[in-house]
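Enquirer: Please read through the structure below; I'll follow up with questions.
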Amino acid sequence: MVGTLFRQLWASLLLAAWAASALAAAPAPAAGKAGLGQAHVLLLNSYGPGRPGFDSITDAFIRRLRAGGLPLDHIHVEYLHLNQPNAERVAAARRDLLLAQYGSQRIDLLVALQQPALNFTLRELAALAPQAPLLADSAPSTVQLAGSPRPMFQYAIVPDVGATMREALQLLPRTRRVVLPGGVSEADRAFQRQAEVELAPWLRKVQVEFLQNMSWPEQLRYVNNLTPDTIVLVGLFNRDRDGFTLPTIDAHRDVMREANVPVFVLFDQAVGEGAVGGAVRNLPQSGDELGRHALEILQGRPGTAGALTRIAAGPVQSLYDWRALERWRIDPAPLPGATILHQPPTLWQAYRTPVLAAGATIVLLAAVLGVMLVQRRRLAQAALASRESKERFRALVEYAPEAILVLDVDSGCFVDANGEAETLFGFPRAQLLGMHPSALYAPGQFGDADPAQVVRASSERAWAGEALCFERTVRRPDGSTFPAEVKLRRLPASGKRWLRCSYEDISGRKQAEAELLAHRNRLEDLVQQRTAALSEAVAEAKAANQAKSVFLANMSHELRTPLNAVIGFAGMLAESASMFEGERRHLAIIKRSGQHLLGLINDILELSRIETGRAQLALEPLALEPLLQEVVEMVRLRVERKGVTLALACSRLPPQVLADGARLRQVLLNLLSNAAKFVQQGGITLQVDAQPLGARRWRLAVAVRDTGIGIAPADQARIFEPFEQTAHGSARGGTGLGLGISREFVRLMGGELRLRSAPGAGAEFSFAIEVDECEAAAPAPAMASVAGLPPEEQGRRILVVDDDGDSRELLRSMLAPLGFHLLEAADGRAAMALLASGAAELVLMDWHMPGQDGLAVTRWLRGQPALAQPRVLVLTASAFEEEKQEALMAGADAFLRKPVQAEQLYAALAQLMNLHFLMRSEAPPAAAGAPAAPDAAALAGLPAALLQELAGAVRGLDMQQVARLLDQVDALDAGVARSVRAMLERQQYQPLWQLLHAAASRKGATA
């Protein structure tokens, strides 16, 4: 039995391969459908091959999938032979073979034809691609649907029994009995149930008989002995009660051959072989629609696991055979919309072509006669028009302003001339006629060439259609000459090769051209002189601009380097817990002075950047109202000390816009600070109005008004120039850069800074810009101050490369207390040596150094793939934005400018080294039993030399040396070591140094 199954499956595979080779010649799928090229589809056919109906469905299905983009080798067809008597016994073996063949292969869609294949798939192939959707032409039971995880779709390729019955009764209204042959397979029983439902409306009019309980020979004998008021309706047949199997089309043929009454069918393939016809299902069209729905499912048509999605089938077709209608004497008139096969042509259809040909001949002859009459009239009109045209042409030639002659190309002589030609050349018309053109030209203008040959060549070119225009020197009979412009054009003359030759005296034009050429030469000399002078001035300006840029870059570096140390150390000392209040005030003065100097440097550099056109907007989400409040609060204390009021008036502001916040803040701060200097009483108002422009775009109108001393008209234009101030402004300090920079920033943002003022009436600075509204971003969390590294990250290695010792000392003071292990290099060569040893995880690289600068070292490092590649953070005292891109292109990972702000440095380190700093709020609190400070008696027990070294290391914040010395202390007194470490963790450096210094002094050592 299993051997029989293997032979059946092998035969199915061979037939599938034959079908694939037959379809290989189908058109290749369109390039735009390549997205389905990876999908695989498995089609399960309930029965074996060789059944024409199902074969036509399968062929149309495969063609549609290939047209949709599936490769042929991704379409798999299996015939299950489920109509065989042993189908149930070999189901397990068939399942194992299919799982062995397709279990490890990608299957994106399963398709089951007929109820047996659907039942087999749900019962035996649940493990095959369990998530792949299932498309069937039958409906599963409720139990099957609930037990399957697959999304299932039903496209019912079922016959329309009711429609065929309705049409049969329209054609044969005296019918009293309907006989339906059938089988006992699953599909046969499903068809019987459908027929019972659809024939129910006619049970009172006709008797319906189902023959499925008979053997097939008995059914054939039964339909051969029916009464005249009976019709046979043939649907599906697969297997009779005795196990006899037969394809449905063959069953149709047997019934049509044996029946003694009209036979109606439900599928198109049986029409034309003896059946009357019916409302039939077109099987190739159904297969094509099945393939189309399969493509939609592969492309993502939604389905639900455990649920059935029903897809409506297309309409049936009323199809009948004329020969069967004639045999049974059936009039098709009740079905006017039906398609009739093999119907003989009508009288009109039989003789349509000869009649149409005869009519067309008559119409053509009449048209030819009409054309001949019209042509005769046109010839007469053309002759009249030709005479009139000749007369007009003669008048045009005769009264033309230039000399015109007609040249015969073949004879080479003039054949006609107008009156102007006689006047221009000085020859009478009779003498011009028959004259060769070369006789008119002065000698010597053709070089060594023969004048007649030159004229002949020009004539041939003009006759060929080329429009020629050239200059010649013409000689009159009295020997005088003049320059003439000659134009040759082809003339339309029947049978003649004539040219129209026009001559124009251009003596005046030549004289004007000579004068114009002299003027142009003089102008060119003048332009060359002016251009040379301008080029020299441009070169000098470029050199001066380059020198200024170099000077500003060098000065920025030289000034920012010491400012880095001044501002950095001042900030660090201000955070010390042991600082006295007076010392804090002094440090605040130092820091403010450094910040003021830094602001002055930035203003000068910003002005230089604007003048060279390098300033660009940096658009970012900006909350307007907090920005305005911040600017007002920065100025409020200064003005309220003088008793001046400061007000902010704003309305209808968008919550957040895209704008350059830094430059807008600087403009507002400059305008408010400028007003604060000149107002002694009264008030200052910052007013901002927002007007919507549509599409989330706004117009911001900004005005700063004050009740100060006002500005004279003579000074209102001058104060926007760099370093320019009014007399009152000079007395109140300032650099004179603020208004000039503000005006340029406003222009950069698309507006114009305007001034309205009068002496004694205050001043108003205003501008308007357009911005786009954006989504409000979540506010950034407040940054707590950094307390240090967590214990597990202590000792992370950082290499500091800087030729300036103060800058290295500043970075060491900022980073060593946090727990970093610092290495230092004073130049590029030393840095390369340390990098070659792989000693650092991150490099703080100064850019400008003697010898090899920071970028050269970075490029060298990135060019050594064998070395460890630490992250590189470039630090520079230069302030030009384009240098950041240069540093990143050299291989740097990040870029910071000096003076380095601690918050920016810590944020960059956290990002580059993947650190999580302990913040002040996160630092572990001291436990209740934390070690107290070491007492004097305990410290007195330590050696004097050790105390002196430890005090010096704490004072210099050399954490590496402190750690080594504490190891020695731990060996002598573990309690003292714990107390010292606790003070270090709490950053109590100054109290610890004072304790150590006092202990060392008492033992006779000086720290």
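Chain labels run A, B, ... following the order of the structure tokens; each chain numbers its residues from 1, and ligands are numbered from 1 in the order shown.
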Do a neighbour search on Ala856 of chain A at 12 Å with only C-alpha atoms, toss out local chain neighbours closer than 4 positions, and write the hits as a ChimeraX atom specification.
Expert: /A:827-829,831-832,845-852,860-863,874,886-887,889-892
Enquirer: Which residues of segment 491-550 of chain A come within 10 Å of segment 448-469 of chain A, and for each one, what is the closest pair of atoms and their distance in Å to one decimal, counting only C-alpha atoms, sorted by chain and residue number, as CSV?
Expert:
```
residue,atom,partner,partner_atom,distance
A:Leu491,CA,A:Trp463,CA,8.4
A:Arg497,CA,A:Trp463,CA,7.3
A:Trp498,CA,A:Trp463,CA,7.8
A:Leu499,CA,A:Trp463,CA,7.0
A:Arg500,CA,A:Ala462,CA,9.5
A:Cys501,CA,A:Ser459,CA,9.9
A:Ser502,CA,A:Cys469,CA,9.6
```
Enquirer: Calculate how many Å separate atom CA of Gly272 of chain A from atom CA of Val158 of chain A, rounding to one decimal.
Expert: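 About the pair atom CA of Gly272 of chain A and atom CA of Val158 of chain A: they are 20.7 Å apart.
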Enquirer: Mind dumping a table of every segment 686-712 of chain A residue within 12 Å of segment 741-756 of chain A, with the nearest atom pair and its distance in Å to one decimal, using only C-alpha atoms, sorted by chain and rising number, as CSV?
Expert:
```
residue,atom,partner,partner_atom,distance
A:Arg699,CA,A:Gly751,CA,10.3
A:Leu700,CA,A:Gly751,CA,9.9
A:Ala701,CA,A:Gly751,CA,9.8
A:Val702,CA,A:Leu753,CA,9.6
A:Ala703,CA,A:Arg754,CA,9.3
A:Val704,CA,A:Leu755,CA,9.8
A:Arg705,CA,A:Arg756,CA,9.4
A:Asp706,CA,A:Arg756,CA,11.0
A:Gly710,CA,A:Arg756,CA,9.2
A:Ile711,CA,A:Arg756,CA,8.7
A:Ala712,CA,A:Arg756,CA,10.3
```
Enquirer: Write out as a PyMOL selection string each polymer residue whose atoms come within 10 Å of Gln299 of chain A, counting only C-alpha atoms; drop sequence neighbours fewer than 4 positions from it.
Expert: chain A and resi 35-36+39+293-295
Enquirer: Restrict the selected residues to all heavy atoms and save them as a PDB file, in the first residue's frame.
Expert:
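Once everything was written out, this is selection02.pdb:
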```pdb
ATOM      1  N   GLY A  35       9.288  42.597  -5.024  1.00  0.00           N
ATOM      2  CA  GLY A  35       9.171  42.414  -3.591  1.00  0.00           C
ATOM      3  C   GLY A  35       8.635  41.047  -3.215  1.00  0.00           C
ATOM      4  O   GLY A  35       8.824  40.582  -2.089  1.00  0.00           O
ATOM      5  N   LEU A  36       7.920  40.326  -4.124  1.00  0.00           N
ATOM      6  CA  LEU A  36       7.394  38.996  -3.840  1.00  0.00           C
ATOM      7  C   LEU A  36       8.353  37.909  -4.275  1.00  0.00           C
ATOM      8  O   LEU A  36       8.006  36.732  -4.204  1.00  0.00           O
ATOM      9  CB  LEU A  36       6.047  38.817  -4.559  1.00  0.00           C
ATOM     10  CG  LEU A  36       4.908  39.737  -4.073  1.00  0.00           C
ATOM     11  CD1 LEU A  36       3.703  39.560  -4.964  1.00  0.00           C
ATOM     12  CD2 LEU A  36       4.558  39.436  -2.642  1.00  0.00           C
ATOM     13  N   ALA A  39       8.921  34.899  -1.753  1.00  0.00           N
ATOM     14  CA  ALA A  39       7.813  34.155  -1.166  1.00  0.00           C
ATOM     15  C   ALA A  39       7.705  32.761  -1.798  1.00  0.00           C
ATOM     16  O   ALA A  39       8.062  32.547  -2.960  1.00  0.00           O
ATOM     17  CB  ALA A  39       6.508  34.925  -1.342  1.00  0.00           C
ATOM     18  N   HIS A 293      -6.092  36.800  -5.330  1.00  0.00           N
ATOM     19  CA  HIS A 293      -6.300  36.904  -3.886  1.00  0.00           C
ATOM     20  C   HIS A 293      -5.097  36.355  -3.117  1.00  0.00           C
ATOM     21  O   HIS A 293      -4.767  36.857  -2.034  1.00  0.00           O
ATOM     22  CB  HIS A 293      -7.575  36.172  -3.489  1.00  0.00           C
ATOM     23  CG  HIS A 293      -8.824  36.794  -4.040  1.00  0.00           C
ATOM     24  ND1 HIS A 293      -9.154  38.118  -3.805  1.00  0.00           N
ATOM     25  CD2 HIS A 293      -9.814  36.300  -4.835  1.00  0.00           C
ATOM     26  CE1 HIS A 293     -10.300  38.397  -4.421  1.00  0.00           C
ATOM     27  NE2 HIS A 293     -10.718  37.317  -5.055  1.00  0.00           N
ATOM     28  N   ALA A 294      -4.418  35.335  -3.671  1.00  0.00           N
ATOM     29  CA  ALA A 294      -3.212  34.826  -3.015  1.00  0.00           C
ATOM     30  C   ALA A 294      -2.124  35.906  -2.968  1.00  0.00           C
ATOM     31  O   ALA A 294      -1.419  36.071  -1.961  1.00  0.00           O
ATOM     32  CB  ALA A 294      -2.709  33.580  -3.746  1.00  0.00           C
ATOM     33  N   LEU A 295      -1.986  36.663  -4.060  1.00  0.00           N
ATOM     34  CA  LEU A 295      -0.991  37.750  -4.073  1.00  0.00           C
ATOM     35  C   LEU A 295      -1.342  38.817  -3.040  1.00  0.00           C
ATOM     36  O   LEU A 295      -0.461  39.363  -2.363  1.00  0.00           O
ATOM     37  CB  LEU A 295      -0.916  38.365  -5.473  1.00  0.00           C
ATOM     38  CG  LEU A 295      -0.292  37.487  -6.553  1.00  0.00           C
ATOM     39  CD1 LEU A 295      -0.419  38.148  -7.912  1.00  0.00           C
ATOM     40  CD2 LEU A 295       1.174  37.215  -6.254  1.00  0.00           C
TER      41      LEU A 295
END
```
Enquirer: Which residue out of A:Leu622, A:Ala675, A:Arg636, A:Gln101 has the minimum interatomic distance to Leu658 of chain A when only C-alpha atoms are used?
Expert: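 Result for the nearest residue to Leu658 of chain A: A:Leu622.
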Enquirer: Have a look at atom CA of Ala382 of chain A and atom CA of Val368 of chain A and let me know their distance in Å, one decimal.
Expert: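 Separation of atom CA of Ala382 of chain A and atom CA of Val368 of chain A: 20.3 Å.
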Enquirer: Per DSSP on the backbone, what are the helix (DSSP H, G or I) residues of segment 444-492 of chain A, as an NGL selection string?
Expert: :A and (451-463)
Enquirer: Convert the current residue selection to file output with all heavy atoms, as a CSV table (one decimal), in the first residue's frame.
Expert:
```
chain,number,residue,atom,x,y,z
A,451,PRO,N,37.8,84.0,-60.6
A,451,PRO,CA,36.6,84.6,-60.2
A,451,PRO,C,35.4,83.9,-60.7
A,451,PRO,O,34.4,83.7,-60.0
A,451,PRO,CB,36.6,86.1,-60.8
A,451,PRO,CG,38.1,86.3,-60.9
A,451,PRO,CD,38.7,85.1,-61.3
A,452,ALA,N,35.4,83.4,-61.9
A,452,ALA,CA,34.2,82.6,-62.4
A,452,ALA,C,34.0,81.4,-61.6
A,452,ALA,O,32.8,81.0,-61.4
A,452,ALA,CB,34.5,82.3,-63.9
A,453,GLN,N,35.1,80.7,-61.2
A,453,GLN,CA,34.9,79.5,-60.5
A,453,GLN,C,34.3,79.8,-59.1
A,453,GLN,O,33.5,79.0,-58.5
A,453,GLN,CB,36.3,78.7,-60.3
A,453,GLN,CG,36.8,78.2,-61.7
A,453,GLN,CD,35.8,77.1,-62.2
A,453,GLN,OE1,35.2,76.4,-61.5
A,453,GLN,NE2,35.8,77.1,-63.6
A,454,VAL,N,34.8,80.9,-58.4
A,454,VAL,CA,34.3,81.3,-57.1
A,454,VAL,C,32.8,81.6,-57.2
A,454,VAL,O,32.0,81.1,-56.4
A,454,VAL,CB,35.1,82.5,-56.6
A,454,VAL,CG1,34.4,83.0,-55.3
A,454,VAL,CG2,36.5,82.1,-56.4
A,455,VAL,N,32.4,82.3,-58.3
A,455,VAL,CA,31.0,82.6,-58.5
A,455,VAL,C,30.2,81.4,-58.7
A,455,VAL,O,29.1,81.2,-58.2
A,455,VAL,CB,30.8,83.6,-59.6
A,455,VAL,CG1,29.3,83.8,-60.0
A,455,VAL,CG2,31.4,85.0,-59.3
A,456,ARG,N,30.7,80.4,-59.5
A,456,ARG,CA,30.0,79.2,-59.8
A,456,ARG,C,29.8,78.3,-58.5
A,456,ARG,O,28.7,77.8,-58.3
A,456,ARG,CB,30.9,78.3,-60.8
A,456,ARG,CG,30.3,77.0,-61.1
A,456,ARG,CD,29.1,77.2,-62.0
A,456,ARG,NE,28.5,75.9,-62.3
A,456,ARG,CZ,27.4,75.7,-63.1
A,456,ARG,NH1,26.8,76.8,-63.6
A,456,ARG,NH2,26.9,74.6,-63.4
A,457,ALA,N,30.8,78.3,-57.6
A,457,ALA,CA,30.7,77.5,-56.4
A,457,ALA,C,29.7,78.1,-55.4
A,457,ALA,O,28.9,77.4,-54.8
A,457,ALA,CB,32.1,77.4,-55.7
A,458,SER,N,29.7,79.5,-55.3
A,458,SER,CA,28.7,80.1,-54.5
A,458,SER,C,27.3,79.9,-55.0
A,458,SER,O,26.3,79.7,-54.2
A,458,SER,CB,29.0,81.6,-54.4
A,458,SER,OG,30.3,81.9,-53.9
A,459,SER,N,27.1,79.9,-56.3
A,459,SER,CA,25.8,79.7,-56.9
A,459,SER,C,25.3,78.3,-56.6
A,459,SER,O,24.1,78.1,-56.3
A,459,SER,CB,25.8,80.0,-58.4
A,459,SER,OG,26.3,81.3,-58.7
A,460,GLU,N,26.1,77.3,-56.7
A,460,GLU,CA,25.7,76.0,-56.5
A,460,GLU,C,25.3,75.8,-55.0
A,460,GLU,O,24.3,75.1,-54.7
A,460,GLU,CB,26.8,75.0,-56.8
A,460,GLU,CG,27.1,74.9,-58.3
A,460,GLU,CD,25.9,74.3,-59.1
A,460,GLU,OE1,25.0,73.6,-58.5
A,460,GLU,OE2,25.9,74.4,-60.3
A,461,ARG,N,26.0,76.4,-54.1
A,461,ARG,CA,25.7,76.3,-52.6
A,461,ARG,C,24.4,77.0,-52.4
A,461,ARG,O,23.5,76.4,-51.6
A,461,ARG,CB,26.8,77.0,-51.8
A,461,ARG,CG,28.1,76.2,-51.8
A,461,ARG,CD,29.2,77.0,-51.1
A,461,ARG,NE,28.8,77.5,-49.8
A,461,ARG,CZ,29.5,78.4,-49.2
A,461,ARG,NH1,30.5,79.0,-49.7
A,461,ARG,NH2,29.1,78.8,-48.0
A,462,ALA,N,24.1,78.1,-53.0
A,462,ALA,CA,22.8,78.8,-52.8
A,462,ALA,C,21.7,78.0,-53.4
A,462,ALA,O,20.6,78.0,-52.8
A,462,ALA,CB,22.9,80.2,-53.4
A,463,TRP,N,21.9,77.4,-54.5
A,463,TRP,CA,20.8,76.6,-55.1
A,463,TRP,C,20.5,75.4,-54.3
A,463,TRP,O,19.4,74.9,-54.2
A,463,TRP,CB,21.2,76.2,-56.6
A,463,TRP,CG,20.2,75.3,-57.2
A,463,TRP,CD1,20.3,74.0,-57.4
A,463,TRP,CD2,18.9,75.7,-57.6
A,463,TRP,NE1,19.2,73.5,-58.0
A,463,TRP,CE2,18.3,74.5,-58.1
A,463,TRP,CE3,18.2,76.9,-57.7
A,463,TRP,CZ2,17.0,74.6,-58.7
A,463,TRP,CZ3,17.0,76.9,-58.2
A,463,TRP,CH2,16.3,75.8,-58.7
```
